[in-house]
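Read through the structure below, which is laid out as structure tokens, and then see the notes.
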Amino acid sequence: MEVERLRKLRSNTFGFATPVSVSTSGLFGASVTTTAATSNLFGATSASSPPTFTLTSTSLTVPGQLQKDSTKEKKREKRIEIPVFTGFQPMLESEWRDVQWTEEQKKNLMKTVSAYRPSCKDVPQARILLLGPVRSGKSSFISSVQSVFNGRVTNRAMVGSSFNTSFTKKLQSFNIRTPKGEDNTALVLCDIMGLGDGEMTGLTLHDILSVIKGQVPEGHKFSPDQPVGTETAGYVKTPSLREKIHCVAFVVDASKISSYHQGFGSTFKQLREHISELGVHQVALLTHVDQICVETAKDVSKVYRSWSIQETMNKAGALLGMSTSYIVPVKNYSTELDLDENTDVLLLSAVDHILQYVDLFFQDYAPRHTGAKIL
């Protein structure tokens, strides 16, 4: 009887679905109930893609110790997501976004970013906050951008290897230096603790909004039982515009889009609503695109000809609740020792994309504060 019971449990594990009703909650406590014929991140059955054309995540259920009580047995399970390339992946005939993959384009983008200055003369640098789930690639993106300007692969922003916890525990701001390393650009990338999968990780909605408002001091270590407030050491009671966040870039992992906790949809919805109320524009970075398309892994310049990446971007848009026009794919440097021209173009294009929305922030801010002195 025990063998038969385990056989049935195993058959259910691999996705032979029956309609189920699932109640989930976001990181900040909002409840979401979904009903679907299959396990679906967005709470509804979506049209399936040809299985031989995409990167899939094979879900394995590893049984733990069986615990018995007087009435029933309880089984603990650990879910492991293993990305697997399945067969040939089709490439589109033409790019769905036009990009020039040349050394000249790389130089032009570097000049654009290096020469950028906020349109508000009293704000010397644009501050961009990277926000996303644990291990989505926030710190790696910062290190990758720094690598492009340094002319070699570096890891100044520390990158962790833990699968379940955020390596970054405190607020850290990173200046991006000019190619010659003589001066800082007007771009500051701010790293922060990653969002959890529904469990308390030390990062709360209140703390995130406090960072965006400019109230959190540099180096502050976040703790769930010590929310940012007036008693926080270094707390900024009346932050100036230069201390605030001028754009938020959400960061999501392309290889995990279909396996993110369902509560993330509610989490991102709450975040976007509150951040929008502060007048801060938001964009998104889709990282690890080389892990979902074998052709892009070989040649990054094929990213905008990839059918699987285009489909994943649509899923990311649904998860984040934003149009794909706000989302750009990137490949971070991870195992490489040398720079790649196409990877650099993709990274610099992402930075240029972010700066366009930084400018919108200052354009929106100026009419409301014309004639007012900015501290």
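As shown in the structure tokens, the chain order sets the letters A, B, ...; within each chain, residues go from 1, and ligands are also counted from 1 in the order they appear.
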Item to check | Neighbour list for Ile128 of chain A as a ChimeraX atom specification, cut-off 8 Å, only C-alpha atoms, skip fewer than 5 positions in-chain | outcome: /A:187-190,245-249
Next, the residues of the selection above should be written as a compact mmCIF listing (two decimals), in the first residue's frame with C-alpha atoms.
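Result went into result-v8.txt, see below:
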```
# COMPACT_ATOMS: atom_id res chain seq x y z
CA LEU A 187 25.32 57.46 -12.77
CA VAL A 188 24.96 55.72 -9.39
CA LEU A 189 23.59 52.17 -9.17
CA CYS A 190 22.11 51.31 -5.77
CA ILE A 245 16.02 57.52 -5.96
CA HIS A 246 15.31 58.84 -9.46
CA CYS A 247 14.40 55.57 -11.18
CA VAL A 248 13.72 51.97 -10.11
CA ALA A 249 14.92 49.07 -12.25
```
* For Ser144 of chain A, list every protein, DNA or RNA residue within 6 Å, evaluated using only C-alpha atoms, and leave out those in the same chain fewer than 4 positions away; present the list as a ChimeraX atom specification. => /A:140,332-333
*Do you know which residues are at most 10 Å from Trp101 of chain A counting only C-alpha atoms, after dropping those on the same chain fewer than 4 positions away, and could you put them as a ChimeraX atom specification?*
/A:105-106,300-302,341-346
Please, could you write that set of residues out with C-alpha atoms as a tab-separated table (two decimals), in the first residue's frame?
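After the write, part-v2.tsv holds the following:
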```tsv
chain	number	residue	atom	x	y	z
A	105	GLN	CA	28.01	51.47	-31.36
A	106	LYS	CA	29.73	50.40	-28.15
A	300	VAL	CA	24.59	37.51	-27.72
A	301	SER	CA	23.80	39.52	-30.86
A	302	LYS	CA	21.02	37.02	-31.61
A	341	GLU	CA	31.76	43.38	-27.60
A	342	ASN	CA	28.15	42.21	-28.11
A	343	THR	CA	27.62	41.66	-24.39
A	344	ASP	CA	28.94	45.19	-23.77
A	345	VAL	CA	26.53	46.66	-26.32
A	346	LEU	CA	23.60	44.90	-24.64
```
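Taking only C-alpha atoms, the non-local environment of Asn175 of chain A within 12 Å (same-chain residues fewer than 5 positions away omitted) comprises Ser114, Pro124, Gln125, Ala126, Arg127, Ile128, Ile142, Ser143, Val145, Gln146, Phe149, Arg156, Ala157, Gly181, Asp183, Asn184, Thr185, Ala186, Leu187, Val188, Leu189, Cys190 and Asp191 of chain A.
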Keeping only C-alpha atoms, write the selected residues to a file as an mmCIF file, in the first residue's frame.
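Saved as selection00.cif:
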```cif
data_model
loop_
_atom_site.group_PDB
_atom_site.id
_atom_site.type_symbol
_atom_site.label_atom_id
_atom_site.label_comp_id
_atom_site.auth_asym_id
_atom_site.auth_seq_id
_atom_site.Cartn_x
_atom_site.Cartn_y
_atom_site.Cartn_z
ATOM 1 C CA SER A 114 29.836 59.074 -19.690
ATOM 2 C CA PRO A 124 24.964 65.966 -9.626
ATOM 3 C CA GLN A 125 24.204 62.264 -10.093
ATOM 4 C CA ALA A 126 21.230 60.102 -11.061
ATOM 5 C CA ARG A 127 20.488 57.409 -8.486
ATOM 6 C CA ILE A 128 18.965 54.158 -9.790
ATOM 7 C CA ILE A 142 26.383 46.403 -11.407
ATOM 8 C CA SER A 143 29.679 44.508 -11.662
ATOM 9 C CA VAL A 145 28.499 47.594 -16.113
ATOM 10 C CA GLN A 146 31.591 48.503 -14.095
ATOM 11 C CA PHE A 149 33.938 50.901 -18.254
ATOM 12 C CA ARG A 156 33.508 45.118 -7.315
ATOM 13 C CA ALA A 157 29.901 44.569 -6.239
ATOM 14 C CA GLY A 181 38.953 55.877 -14.397
ATOM 15 C CA ASP A 183 36.212 60.710 -12.816
ATOM 16 C CA ASN A 184 32.835 59.320 -11.873
ATOM 17 C CA THR A 185 30.011 59.429 -14.361
ATOM 18 C CA ALA A 186 26.719 60.956 -13.261
ATOM 19 C CA LEU A 187 25.322 57.455 -12.768
ATOM 20 C CA VAL A 188 24.959 55.722 -9.387
ATOM 21 C CA LEU A 189 23.589 52.172 -9.171
ATOM 22 C CA CYS A 190 22.111 51.305 -5.768
ATOM 23 C CA ASP A 191 22.062 47.700 -4.577
#
```
With distances taken over only C-alpha atoms, the candidate from A:Val294, A:Ala284, A:Met322, A:Leu278 nearest Asp364 of chain A is A:Leu278
Within 10 Å of Cys120 of chain A, counting only C-alpha atoms, which residues show up once you throw out same-chain ones fewer than 6 positions away? Write them as a VMD selection string, please. chain A and resid 126 241 to 242 359 361 to 363 365 to 366 374
In terms of only C-alpha atoms, the residue from A:Ser259, A:Cys293, A:Val148, A:Arg305 at minimal distance from Glu93 of chain A is A:Arg305
Shortest contact to Leu92 of chain A, candidates A:Trp307, A:Ala318, A:Gln262, A:Tyr326, atoms counted only C-alpha atoms, goes to A:Trp307
Using only C-alpha atoms, can you tell me which of A:Thr296, A:Ser240, A:Ser349, A:Thr312 comes closest to Asp122 of chain A?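 Among the listed residues, the smallest separation from Asp122 of chain A belongs to A:Ser240.
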Note to self: Residues of segment 138-320 of chain A classed as strand (DSSP E) by DSSP on the backbone are to be reported as a list of chain:residue names.
What the structure shows: A:Gln172, A:Ser173, A:Phe174, A:Asn175, A:Ile176, A:Arg177, A:Asn184, A:Thr185, A:Ala186, A:Leu187, A:Val188, A:Leu189, A:Cys190, A:Asp191, A:Cys247, A:Val248, A:Ala249, A:Phe250, A:Val251, A:Val252, A:Asp253, A:His281, A:Gln282, A:Val283, A:Ala284, A:Leu285, A:Leu286, A:Thr287
re atom CA of Leu131 of chain A and atom CA of Leu171 of chain A: distance 11.3 Å
Segment 228-238 of chain A: which residues within 9 Å, counting only C-alpha atoms, same-chain residues fewer than 4 positions away excluded, as a list in words?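 Contacts, with the query itself left out: His206, Asp207, Ser210, Gly214, Gln215, Val216, Pro217, Glu218, His220, Phe222 and Ser223 of chain A.
Taking atom CA of Glu273 of chain A and atom CA of Gly321 of chain A as endpoints, the distance between them is 10.3 Å.
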